[in-house]
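Just below is one structure, and these are the notes that go with it.
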Number of protein chains: 2
Amino acid sequence: MKIKHTAILLALLSLASQRGEATTLDALLPLDGWQAPAKGVWSATIGDLSNELRYTDLAAEAPRRAALEALGEPSFPFPPKGITYSRNDDGRIMVRIPCAPDEKIYGYGLQLDRLKQDSRVLELKVDHWSRGGGRTHAPVPFYISSRGYGVFFNTARYLKVYNLVSNRKDAVQRPPEVDRNPPAEEIAEQAGPWQALPRGDSVEAAVRADGLEILVFAGDSLLEVVQRYNLYCGGGALPPLWGLGFWHRAHAKHSAAQVEAEVEAYQQYKIPLDVVGLEPGWMTKSYPCTFEWQLKRFPDPEAFTQGLLKKGIRLNLWENPYLSQQAKLYDSLYPLAGSHMVWLGIVPDFTLPEARDLLVQQHKADHFDIGISGYKMDEVDGYDFWLWPDHATFPSGTSAEAMRQSYGVLIQKMLYSDLFKANNQRTYGLVRASNGAASAYPFVIYSDSYNHEQYITGLSSASLCGILWTPEIRSANNAREWLNRMQTVCFSPMAKLNAWASGTKPWDFPEVTDAVREVIELRMRLLPYFYSAFADYHLRGIPPVRAMLLEDRFVNAEAEVLAGKLDSETNPYAMGTVIEKSDQFMFGPSILVAPFYGKQATEREVHLPAGNWYDFYTGAFAGNNTRIQVSAGALQDRIPLFVREGAVIPMLNHTPRQTRDAINGDLSLRHYGKQAGSFDLYEDDAISYDYQKGNFRIRRFEVSTDGTFEEKITGPGPALFGKVTSVQCMAPE
Amino acid sequence: MKIKHTAILLALLSLASQRGEATTLDALLPLDGWQAPAKGVWSATIGDLSNELRYTDLAAEAPRRAALEALGEPSFPFPPKGITYSRNDDGRIMVRIPCAPDEKIYGYGLQLDRLKQDSRVLELKVDHWSRGGGRTHAPVPFYISSRGYGVFFNTARYLKVYNLVSNRKDAVQRPPEVDRNPPAEEIAEQAGPWQALPRGDSVEAAVRADGLEILVFAGDSLLEVVQRYNLYCGGGALPPLWGLGFWHRAHAKHSAAQVEAEVEAYQQYKIPLDVVGLEPGWMTKSYPCTFEWQLKRFPDPEAFTQGLLKKGIRLNLWENPYLSQQAKLYDSLYPLAGSHMVWLGIVPDFTLPEARDLLVQQHKADHFDIGISGYKMDEVDGYDFWLWPDHATFPSGTSAEAMRQSYGVLIQKMLYSDLFKANNQRTYGLVRASNGAASAYPFVIYSDSYNHEQYITGLSSASLCGILWTPEIRSANNAREWLNRMQTVCFSPMAKLNAWASGTKPWDFPEVTDAVREVIELRMRLLPYFYSAFADYHLRGIPPVRAMLLEDRFVNAEAEVLAGKLDSETNPYAMGTVIEKSDQFMFGPSILVAPFYGKQATEREVHLPAGNWYDFYTGAFAGNNTRIQVSAGALQDRIPLFVREGAVIPMLNHTPRQTRDAINGDLSLRHYGKQAGSFDLYEDDAISYDYQKGNFRIRRFEVSTDGTFEEKITGPGPALFGKVTSVQCMAPE
């Protein structure tokens with residue numbers, strides 16, 4: 001075998017030199033020259049990066065070096081020359097990362113069907129979710145491995161990854177050949193059942209580019225790998241406190257008066273409300289857009305905005321970035337736009353500072369200065385027919401594909417850095433496409449796909465790659481589905497009802513209105529807990545809502561059925577299936593959330609990791625490293641929530657109707673189980689970016705085994721919540 | 001606007017020159033230098049083709065120039081500089097073909113969901129069908145336009161086409177902007193309803209390549225365009241007569257004795273049978289493969305093959321091309337194989353003559369010389385995880401993507417040209433991937449997708465691009481579905497039951513066995529008619545089974561609903577739908593076939609084009625430019641067939657059990673309607689390639705209005721069928 005390999009390698013080298021290539025054709029070269037740009041992070045570069053757009057170039061904030069150092073100094077997780085690469089004839093750079101036989105791969109951004117990405121080939125491309133195959137709203141080229149590392153392909157090109165699926169003919173070890181159709185007398189000799197997908201021995205990633213930077217993140221656990229990624233990308237986003245309240249997006253054609261009436265109705269039904277989103281009808285023209293107020297619907301935008309602000313309601317404006325000829329900005333942005341239109345609107349080249357400046361100036365004057373608090377930036381995500389073509393050109397010279405991969409990030413950068421942060425006012429918004437190194441951007445991804453089970457999986461998959469996701473609710477087929485979806489969204493980064501077309505309200509299914517109100521109120525009472533979880537995202541890179549995979553001692557419940565049932569019409573290769581537990585997730589440090597989903601579901605299984613777990617509501621012991629069945633009836637129609645041993649959970653004593661009512665609110669601590677525990681309550685001004693200069697404080701609540709309580713405060717920041725008035729022991733007798 | 005355009009163009013030119021590019025960045029240049037390689041065919045080239053693989057380089061036969069000349073000499077269907085192109089910074093060549101406002105686009109190879117390709121973006125890539133988006137078994141980069149021309153992008157690269165979907169910002173004319181959310185008082189001013197997909201003004205096709213050849217085919221009708229394409233690609237394939245009989249593929253694990261028993265059973269049930277296919281179990285190892293006989297199942301392959309041949313049964317062997325280490329050819333093919341394996345088998349580089357020679361020699365000695373008649377070459381079509389990666393390399397230097405796009409064609413070339421034609425014995429086989437310029441290859445495409453309605457659409461879409469398709473039957477949920485599918489496949493290029501996993505037999509649903517037998521017998525009695533239709537494919541480029549679109553006076557029944565119903569959960573853009581008539585097709589010159597489909601269907605609508613149409617079975621007038629309802633009951637469970645005015649259809653007087661029994665069989669002519677008509681019966685030796693040297697003859701049967709009959713024979717070829725014994729008037733009273 002060795003001789004053959006050498007022969008072919010020589011043949012290839014000879015071919016390569018005939019073609020005058022500097023590098024050999026498909027010769028696997030060791031990738032060396034690894035640098036360590038931060039503790040536990042290594043970088044290596046192939047080729048020339050001068051024409052390449054890297055996601056880290058677009059990151060909101062610089063790496064959080066002190067926090068990275070606090071995570072310790074692990075060693076490089078590969079042998080020195082273990083990662084190899086090649087460059088081939090048609091401009092592709094390929095990187096090969098060897099994998100162990102038992103290794104599992106997760107990640108690659110927002111994946112709504114499953115977390116495990118072994119045996120998949122993904123062409124990572126910004127697109128709507130529905131087509132799969134690597135096309136998704138946030139196709140982050142970052143994966144994490146069960147062996148304790150992560151790899152980030154830091155390029156805004158289309159990247160194609162082959163996850164444990166490719167086998168080279170010259171591989172030192174390859175899986176045994178198994179005859180798919182052995183005669184009866186040979187079956188006993190077989191090494192095992194034939195596999196439709198013989199396992200590959202590597203991740204191979206290829207990109208057509210002049211150059212490619214690869215970043216490797218080490219970690220003792222999957223969580224630590226994710227923390228390093230997030231911290232290297234600037235730390236996780238910290239929204240303003242108001243962003244964690246309840247959101248309602250009004251019907252696209254509502255007027256100011258109709259929006260005000262809806263706000264009144266929320267008060268009448270005693271449903272908390274912090275943010276109202278205006279959908280396209282707020283503009284003079286939409287699809288393509290003007291970004292200018294439609295005065296026939298909103299005759300006095302400033303009075304309207306300020307009026308709502310006085311009621312504690314923030315306004316968020318829908319936009320997509322494609323400009324109408326009717327827009328005042330059109331003429332000045334025309335020469336700064338790409339060759340092709342989207343929905344007949346021009347596409348500004350937001351890599352150009354002058355294009356960003358034009359938009360930011362207009363947005364500041366027309367929106368920000370009158371009190372607008374944020375944006376929902378729609379439709380920056382494909383399909384192919386709703387974006388510029390791959391051959392489009394942009395005045396900056398940025399390629400169409402780099403523009404597609406990064407457009408959602410560029411928009412976040414513009415709105416976050418140039419508009420809100422430049423004016424020291426926090427924002428929290430939505431964007432329908434994101435990508436790598438976006439951890440620090442205070443934007444949440446959403447989708448039109450509207451499958452509840454997938455929406456729950458999204459909460460887990462987003463957490464693996466520095467993305468926030470909302471399983472927003474729009475409508476439902478029945479009261480049960482409405483309640484189930486409402487419960488899920490209340491345990492997500494953004495609790496939002498999006499009624500842009502449906503016109504739905506939280507009380508649309510009267511039989512569950514009380515239960516809907518109860519879960520929104522629970523979110524509101526948990527504000528101190530959840531806001532602190534976001535602070536952990538910012539300070540330590542720990543996602544506030546996250547996959548069970550990232551939990552200590554969670555043995556992933558996934559099982560791979562390697563060979564399925566042969567059926568020439570539906571499964572001609574007897575393909576196996578991956579069964580995994582992606583329908584439950586963690587909310588903050590201690591709460592395990594297992595929503596009911598499906599059209600009528602009132603029962604489900606919950607997998608409790610090792611360690612004692614308790615019912616959130618009663619404190620009853622629920623299990624330890626086991627699977628349990630839960631039913632809505634036993635929970636009085638509440639969402640199943642479980643809390644780990646020793647956890648301390650701060651809750652407001654009262655139920656705020658808006659987040660501003662939470663400020664200075666007194667707290668109770670719930671303490672679960674028998675072991676001592678603590679909680680770090682984070683406080684700052686909740687509204688400005690002063691926390692980035694250290695203007696925050698941590699109140700550590702320590703509860704001992706006998707239920708006694710101690711509080712220690714560190715940091716100079718302002719107070720946000722009130723005093724602790726009680727400690728509630730949630731341990732069972 | 002003009003000024004702006006100039007400004008940006010200058011900016012781009014300036015950028016381009018800074019980068020030292022030879023061509024300007026995205027400047028649209030007129031494509032000129034058109035050559036006319038044949039009458040009605042024009043070619044132009046962008047860039048350097050020396051490293052590019054063109055499909056025409058792989059065509060089975062040279063262009064049929066005399067036949068092309070016979071089609072006349074149309075003029076170039078565009079203004080001289082109407083087609084433009086650009087080259088951009090990242091190696092993409094883009095060609096822009098302007099389209100008229102009412103233009104419709106069809107084609108791009110095997111498309112199973114619909115024929116019309118307007119408003120679609122397709123990344124043409126060889127793959128299984130299921131994922132759509134341009135991935136299909138035969139993604140031929142050729143489209144035809146309702147304005148009477150076709151465009152063939154003659155490249156084996158991944159091509160991405162934007163069909164009437166892209167709009168440049170500098171377009172001279174663009175659709176009017178329409179506000180999606182106008183206030184009530186502005187609705188009347190709108191140019192019309194908002195469109196989710198504003199119509200583009202061109203087809204833009206882009207490819208990353210050093211060079212690209214574009215071929216334009218003119219035609220007074222869509223059919224004539226298709227004829228020119230087929231004739232330029234060598235003319236359509238002409239199978240041996242035996243290929244048009246009934247095919248049965250045996251279970252993968254059947255032994256010689258079991259296969260022989262199945263052949264006996266066909267005789268017992270009086271079901272015609274011409275070909276038996278052996279599935280993977282005939283080999284010593286399969287997945288990866290050896291191509292060597294499994295003697296435990298087939299102890300004497302030659303005796304077995306010859307024994308079947310004596311019974312008039314041909315054998316076809318299943319293979320996929322990925323070699324096992326157990327194969328005798330492995331060592332010699334190893335250095336001639338690509339870098340990556342498929343199913344742990346090495347992938348021979350069949351662009352190398354020495355690789356082809358090795359395989360052909362072994363196949364000739366072990367298969368051909370003992371009497372094997374053809375092959376089914378499986379799994380040369382992806383998915384991504386079942387092919388080599390895009391970064392794989394091959395010893396010839398052919399890129400992985402060109403290899404993927406052309407591998408099915410390369411295999412057809414090897415088997416057809418190097419094995420069967422070199423030995424002057426016709427073959428007819430199957431391959432699961434094909435591509436451009438493959439018209440002359442006697443191979444039929446098939447799929448695992450198994451949706452009956454889509455399988456019917458495939459018969460139409462394949463006909464637009466020089467592809468043959470079989471809607472093979474495997475199993476069914478009930479007797480009705482079984483019969484419906486059996487009827488469809490009997491009016492397709494290959495009437496095949498594929499029982500490789502299901503083990504099904506034609507008589508598996510006893511309640512329809514007689515109806516199944518009847519439709520197979522009808523196919524057998526129509527052999528003279530259908531064989532002549534294939535001769536028309538070869539001689540004149542007219543597909544034997546084809547889309548209604550290609551019929552004179554067929555006004556395509558498609559309707560486009562431009563704006564659908566808004567639903568934020570299922571149709572948030574109120575997308576329209578395309579409704580078209582792709583569930584009926586033409587079989588030979590005169591028979592319109594409208595199968596029942598769906599799980600239980602016994603009724604359907606049929607669209608009869610302008611001109612009188614008659615019921616095939618009774619001669620009753622059926623309609624003229626109308627839609628009619630048909631039901632299985634009224635047809636006594638037969639497939640709905642309609643015949644055009646004046647048609648003459650030759651049928652065998654007896655029902656042959658095998659195609660060899662058809663030879664010298666006497667004929668009746670059926671004459672439909674009142675007008676005089678004719679039929680050109682084609683005859684040759686039915687088995688060799690001597691017809692390509694002119695050794696065939698045409699018997700023209702002319703039937704006058706009073707039913708009198710005349711026969712004129714031209715050409716030197718041998719007789720094949722017997723004399724005409726009667727003319728049956730099928731005109732209604």
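We name chains A, B, ... following the order of the structure tokens; residues begin at 1 in each chain, and ligands are numbered from 1 as shown.
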
Pull the strand (DSSP E) assignments for region 183-307 of chain A out of DSSP run on the backbone, and list those residues as a PDB file with N, CA, C and O atoms, in the first residue's frame.
ATOM      1  N   SER A 202     -12.189  11.556   9.689  1.00  0.00           N
ATOM      2  CA  SER A 202     -11.766  12.950   9.784  1.00  0.00           C
ATOM      3  C   SER A 202     -12.929  13.881   9.492  1.00  0.00           C
ATOM      4  O   SER A 202     -13.969  13.464   8.998  1.00  0.00           O
ATOM      5  N   VAL A 203     -12.704  15.134   9.817  1.00  0.00           N
ATOM      6  CA  VAL A 203     -13.510  16.209   9.232  1.00  0.00           C
ATOM      7  C   VAL A 203     -12.651  16.804   8.126  1.00  0.00           C
ATOM      8  O   VAL A 203     -11.503  17.188   8.369  1.00  0.00           O
ATOM      9  N   GLU A 204     -13.182  16.851   6.922  1.00  0.00           N
ATOM     10  CA  GLU A 204     -12.485  17.545   5.846  1.00  0.00           C
ATOM     11  C   GLU A 204     -13.331  18.754   5.450  1.00  0.00           C
ATOM     12  O   GLU A 204     -14.530  18.619   5.204  1.00  0.00           O
ATOM     13  N   ALA A 205     -12.713  19.909   5.415  1.00  0.00           N
ATOM     14  CA  ALA A 205     -13.423  21.149   5.086  1.00  0.00           C
ATOM     15  C   ALA A 205     -12.723  21.803   3.912  1.00  0.00           C
ATOM     16  O   ALA A 205     -11.492  21.911   3.907  1.00  0.00           O
ATOM     17  N   ALA A 206     -13.493  22.208   2.922  1.00  0.00           N
ATOM     18  CA  ALA A 206     -12.877  22.784   1.729  1.00  0.00           C
ATOM     19  C   ALA A 206     -13.532  24.101   1.380  1.00  0.00           C
ATOM     20  O   ALA A 206     -14.742  24.287   1.554  1.00  0.00           O
ATOM     21  N   VAL A 207     -12.750  25.009   0.887  1.00  0.00           N
ATOM     22  CA  VAL A 207     -13.237  26.336   0.540  1.00  0.00           C
ATOM     23  C   VAL A 207     -12.427  26.842  -0.648  1.00  0.00           C
ATOM     24  O   VAL A 207     -11.240  26.563  -0.765  1.00  0.00           O
ATOM     25  N   ARG A 208     -13.101  27.530  -1.553  1.00  0.00           N
ATOM     26  CA  ARG A 208     -12.363  28.177  -2.643  1.00  0.00           C
ATOM     27  C   ARG A 208     -12.011  29.578  -2.200  1.00  0.00           C
ATOM     28  O   ARG A 208     -12.880  30.439  -2.092  1.00  0.00           O
ATOM     29  N   GLY A 211      -7.028  32.353   0.851  1.00  0.00           N
ATOM     30  CA  GLY A 211      -6.447  32.004   2.133  1.00  0.00           C
ATOM     31  C   GLY A 211      -7.518  31.616   3.138  1.00  0.00           C
ATOM     32  O   GLY A 211      -8.701  31.894   2.941  1.00  0.00           O
ATOM     33  N   LEU A 212      -7.087  30.946   4.196  1.00  0.00           N
ATOM     34  CA  LEU A 212      -8.033  30.473   5.213  1.00  0.00           C
ATOM     35  C   LEU A 212      -7.335  30.467   6.563  1.00  0.00           C
ATOM     36  O   LEU A 212      -6.225  29.951   6.691  1.00  0.00           O
ATOM     37  N   GLU A 213      -7.997  31.041   7.557  1.00  0.00           N
ATOM     38  CA  GLU A 213      -7.513  30.924   8.931  1.00  0.00           C
ATOM     39  C   GLU A 213      -8.337  29.878   9.670  1.00  0.00           C
ATOM     40  O   GLU A 213      -9.568  29.875   9.563  1.00  0.00           O
ATOM     41  N   ILE A 214      -7.633  28.998  10.370  1.00  0.00           N
ATOM     42  CA  ILE A 214      -8.306  27.989  11.206  1.00  0.00           C
ATOM     43  C   ILE A 214      -8.007  28.321  12.653  1.00  0.00           C
ATOM     44  O   ILE A 214      -6.851  28.556  13.013  1.00  0.00           O
ATOM     45  N   LEU A 215      -9.046  28.331  13.473  1.00  0.00           N
ATOM     46  CA  LEU A 215      -8.868  28.566  14.903  1.00  0.00           C
ATOM     47  C   LEU A 215      -9.276  27.310  15.657  1.00  0.00           C
ATOM     48  O   LEU A 215     -10.314  26.713  15.357  1.00  0.00           O
ATOM     49  N   VAL A 216      -8.467  26.911  16.602  1.00  0.00           N
ATOM     50  CA  VAL A 216      -8.770  25.747  17.438  1.00  0.00           C
ATOM     51  C   VAL A 216      -8.966  26.231  18.865  1.00  0.00           C
ATOM     52  O   VAL A 216      -8.172  27.030  19.370  1.00  0.00           O
ATOM     53  N   PHE A 217     -10.057  25.770  19.485  1.00  0.00           N
ATOM     54  CA  PHE A 217     -10.365  26.121  20.869  1.00  0.00           C
ATOM     55  C   PHE A 217     -10.319  24.853  21.710  1.00  0.00           C
ATOM     56  O   PHE A 217     -10.989  23.869  21.374  1.00  0.00           O
ATOM     57  N   ALA A 218      -9.552  24.870  22.783  1.00  0.00           N
ATOM     58  CA  ALA A 218      -9.488  23.699  23.654  1.00  0.00           C
ATOM     59  C   ALA A 218     -10.518  23.823  24.777  1.00  0.00           C
ATOM     60  O   ALA A 218     -11.126  24.879  24.961  1.00  0.00           O
ATOM     61  N   PHE A 246     -41.691  40.811  27.800  1.00  0.00           N
ATOM     62  CA  PHE A 246     -42.485  40.187  26.743  1.00  0.00           C
ATOM     63  C   PHE A 246     -42.587  41.118  25.543  1.00  0.00           C
ATOM     64  O   PHE A 246     -42.749  42.334  25.698  1.00  0.00           O
ATOM     65  N   TRP A 247     -42.512  40.518  24.361  1.00  0.00           N
ATOM     66  CA  TRP A 247     -42.553  41.265  23.104  1.00  0.00           C
ATOM     67  C   TRP A 247     -43.816  40.921  22.323  1.00  0.00           C
ATOM     68  O   TRP A 247     -44.223  39.770  22.266  1.00  0.00           O
ATOM     69  N   HIS A 248     -44.351  41.920  21.672  1.00  0.00           N
ATOM     70  CA  HIS A 248     -45.492  41.698  20.775  1.00  0.00           C
ATOM     71  C   HIS A 248     -45.230  42.439  19.472  1.00  0.00           C
ATOM     72  O   HIS A 248     -44.946  43.632  19.465  1.00  0.00           O
ATOM     73  N   ARG A 249     -45.333  41.722  18.385  1.00  0.00           N
ATOM     74  CA  ARG A 249     -45.214  42.401  17.083  1.00  0.00           C
ATOM     75  C   ARG A 249     -46.618  42.570  16.527  1.00  0.00           C
ATOM     76  O   ARG A 249     -47.356  41.598  16.344  1.00  0.00           O
ATOM     77  N   VAL A 275     -42.126  45.361  24.904  1.00  0.00           N
ATOM     78  CA  VAL A 275     -41.701  45.833  23.586  1.00  0.00           C
ATOM     79  C   VAL A 275     -42.802  45.578  22.572  1.00  0.00           C
ATOM     80  O   VAL A 275     -43.425  44.517  22.571  1.00  0.00           O
ATOM     81  N   VAL A 276     -43.021  46.577  21.728  1.00  0.00           N
ATOM     82  CA  VAL A 276     -43.913  46.387  20.585  1.00  0.00           C
ATOM     83  C   VAL A 276     -43.079  46.522  19.316  1.00  0.00           C
ATOM     84  O   VAL A 276     -42.253  47.444  19.200  1.00  0.00           O
ATOM     85  N   GLY A 277     -43.276  45.582  18.407  1.00  0.00           N
ATOM     86  CA  GLY A 277     -42.593  45.648  17.120  1.00  0.00           C
ATOM     87  C   GLY A 277     -43.550  46.146  16.061  1.00  0.00           C
ATOM     88  O   GLY A 277     -44.701  45.716  16.004  1.00  0.00           O
ATOM     89  N   LEU A 278     -43.064  47.079  15.254  1.00  0.00           N
ATOM     90  CA  LEU A 278     -43.864  47.516  14.101  1.00  0.00           C
ATOM     91  C   LEU A 278     -43.372  46.755  12.878  1.00  0.00           C
ATOM     92  O   LEU A 278     -42.173  46.698  12.616  1.00  0.00           O
TER      93      LEU A 278
END

Exercise for review: Please return, as a PyMOL selection string, all residues of chain B lying within 7 Å of chain A when only C-alpha atoms are considered.
Suggested key: chain B and resi 4+8+12+26+92+94+120-121+165-169+177+179-181+198+206+253+280-281+285-287+335+339-341+343-344+346+384-385+391+393+395+448+450+501-502+567-569

Point to revise | Residue list (alpha helix (DSSP H), DSSP) for region 168-237 of chain B, as a list of chain:residue names | key: B:Leu222, B:Leu223, B:Glu224, B:Val225, B:Val226, B:Gln227, B:Arg228, B:Tyr229, B:Asn230, B:Leu231, B:Tyr232

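Taking CA of Leu667 (chain A) and CA of Lys310 (chain A) as the two end points, the separation is 25.9 Å.
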
Check your understanding: Counting only C-alpha atoms, what is within 7 Å of Gln675 (chain A), bar same-chain residues fewer than 3 positions away, as a list in words?
Key -> Glu645, Gly646 and Thr705 of chain A

**Study point:** Pick from B:Arg604, B:Lys674, B:Lys496, B:Arg157, whichever lies nearest to Ile445 (chain B) using only C-alpha atoms
**Key:**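 Closest residue, counting only C-alpha atoms: B:Lys496.
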
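Remark: for Asp661 (chain B), the closest of the candidate residues B:Ile639, B:Val151, B:Ala250, B:Met524 is B:Met524 (distances computed over only C-alpha atoms).
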
Check your understanding: Skipping near chain neighbours, those fewer than 2 positions away, what residues fall within 12 Å of Arg644 (chain B) using only C-alpha atoms, listed as number ranges by chain?
Key -> B: 551-553, 586-593, 608-616, 619-625, 641-642, 646-649, 670-677, 730-731

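Computed from the coordinates, the CA of Thr659 (chain B) to CA of Pro240 (chain B) distance equals 9.9 Å.
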
Give me, as a tab-separated table (two decimals) with N, CA and C atoms, in the first residue's frame, all polymer residues having an atom no more than 9 Å from region 376-382 of chain A, counting only C-alpha atoms and skipping those fewer than 6 positions away in the same chain.
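To be explicit, this is the file written out as out-v3.tsv:
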chain	number	residue	atom	x	y	z
A	126	VAL	N	-25.72	30.84	3.95
A	126	VAL	CA	-26.83	31.57	4.57
A	126	VAL	C	-28.07	31.37	3.72
A	127	ASP	N	-29.13	30.92	4.34
A	127	ASP	CA	-30.38	30.64	3.61
A	127	ASP	C	-31.48	30.41	4.64
A	128	HIS	N	-32.71	30.32	4.15
A	128	HIS	CA	-33.77	29.82	5.01
A	128	HIS	C	-33.40	28.41	5.43
A	136	THR	N	-28.80	27.43	6.26
A	136	THR	CA	-29.56	27.82	7.44
A	136	THR	C	-29.33	29.30	7.71
A	137	HIS	N	-30.15	29.84	8.59
A	137	HIS	CA	-30.08	31.27	8.89
A	137	HIS	C	-28.71	31.69	9.45
A	138	ALA	N	-28.06	30.78	10.12
A	138	ALA	CA	-26.76	31.10	10.73
A	138	ALA	C	-25.85	29.89	10.59
A	277	GLY	N	-43.28	45.58	18.41
A	277	GLY	CA	-42.59	45.65	17.12
A	277	GLY	C	-43.55	46.15	16.06
A	279	GLU	N	-44.28	46.20	12.15
A	279	GLU	CA	-43.93	45.44	10.94
A	279	GLU	C	-43.96	46.39	9.74
A	316	ASN	N	-39.74	48.62	18.46
A	316	ASN	CA	-38.76	47.98	17.60
A	316	ASN	C	-39.30	48.05	16.17
A	317	LEU	N	-38.45	48.44	15.22
A	317	LEU	CA	-38.91	48.63	13.84
A	317	LEU	C	-38.44	47.49	12.93
A	318	TRP	N	-39.39	46.94	12.20
A	318	TRP	CA	-39.04	45.97	11.15
A	318	TRP	C	-38.40	46.70	9.97
A	319	GLU	N	-37.39	46.08	9.39
A	319	GLU	CA	-36.83	46.56	8.13
A	319	GLU	C	-36.27	45.38	7.36
A	320	ASN	N	-36.22	45.50	6.05
A	320	ASN	CA	-35.19	44.75	5.35
A	320	ASN	C	-34.35	45.76	4.59
A	321	PRO	N	-33.12	45.40	4.23
A	321	PRO	CA	-32.17	46.46	3.85
A	321	PRO	C	-32.17	46.85	2.38
A	388	TRP	N	-29.05	38.52	-3.86
A	388	TRP	CA	-28.27	38.75	-5.07
A	388	TRP	C	-27.65	37.43	-5.51
A	404	ARG	N	-23.02	37.58	1.10
A	404	ARG	CA	-24.17	36.78	1.56
A	404	ARG	C	-23.91	36.18	2.94
A	405	GLN	N	-22.73	35.61	3.11
A	405	GLN	CA	-22.44	34.95	4.39
A	405	GLN	C	-22.40	35.95	5.54
A	407	TYR	N	-23.75	39.30	5.49
A	407	TYR	CA	-24.63	40.48	5.45
A	407	TYR	C	-25.38	40.67	6.78
A	408	GLY	N	-25.87	39.59	7.33
A	408	GLY	CA	-26.57	39.69	8.62
A	408	GLY	C	-25.64	40.19	9.72
A	411	ILE	N	-24.94	43.97	9.24
A	411	ILE	CA	-26.07	44.77	9.70
A	411	ILE	C	-26.08	44.88	11.22
A	412	GLN	N	-25.78	43.76	11.87
A	412	GLN	CA	-25.70	43.81	13.33
A	412	GLN	C	-24.59	44.77	13.76
A	429	GLY	N	-32.40	43.22	19.47
A	429	GLY	CA	-33.20	43.16	18.27
A	429	GLY	C	-33.19	41.79	17.63
A	430	LEU	N	-33.64	41.76	16.40
A	430	LEU	CA	-33.76	40.50	15.66
A	430	LEU	C	-33.08	40.64	14.31
A	431	VAL	N	-32.55	39.54	13.85
A	431	VAL	CA	-31.96	39.51	12.52
A	431	VAL	C	-32.16	38.09	12.00
A	432	ARG	N	-32.46	37.96	10.70
A	432	ARG	CA	-32.79	36.62	10.23
A	432	ARG	C	-31.59	35.88	9.65
A	433	ALA	N	-30.42	36.49	9.71
A	433	ALA	CA	-29.21	35.75	9.34
A	433	ALA	C	-28.06	36.23	10.19
A	434	SER	N	-27.25	35.29	10.63
A	434	SER	CA	-26.04	35.65	11.33
A	434	SER	C	-24.97	34.64	10.96
A	443	PHE	N	-28.52	40.40	19.15
A	443	PHE	CA	-29.58	40.12	18.17
A	443	PHE	C	-29.94	38.64	18.24
A	444	VAL	N	-31.21	38.39	18.01
A	444	VAL	CA	-31.76	37.05	18.11
A	444	VAL	C	-32.17	36.61	16.71

Exercise for review: Would you mind reading off the distance between CA of Asp201 (chain B) and CA of Val226 (chain B), one decimal, in Å?
Suggested key: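 Taking CA of Asp201 (chain B) and CA of Val226 (chain B), their separation equals 23.4 Å.
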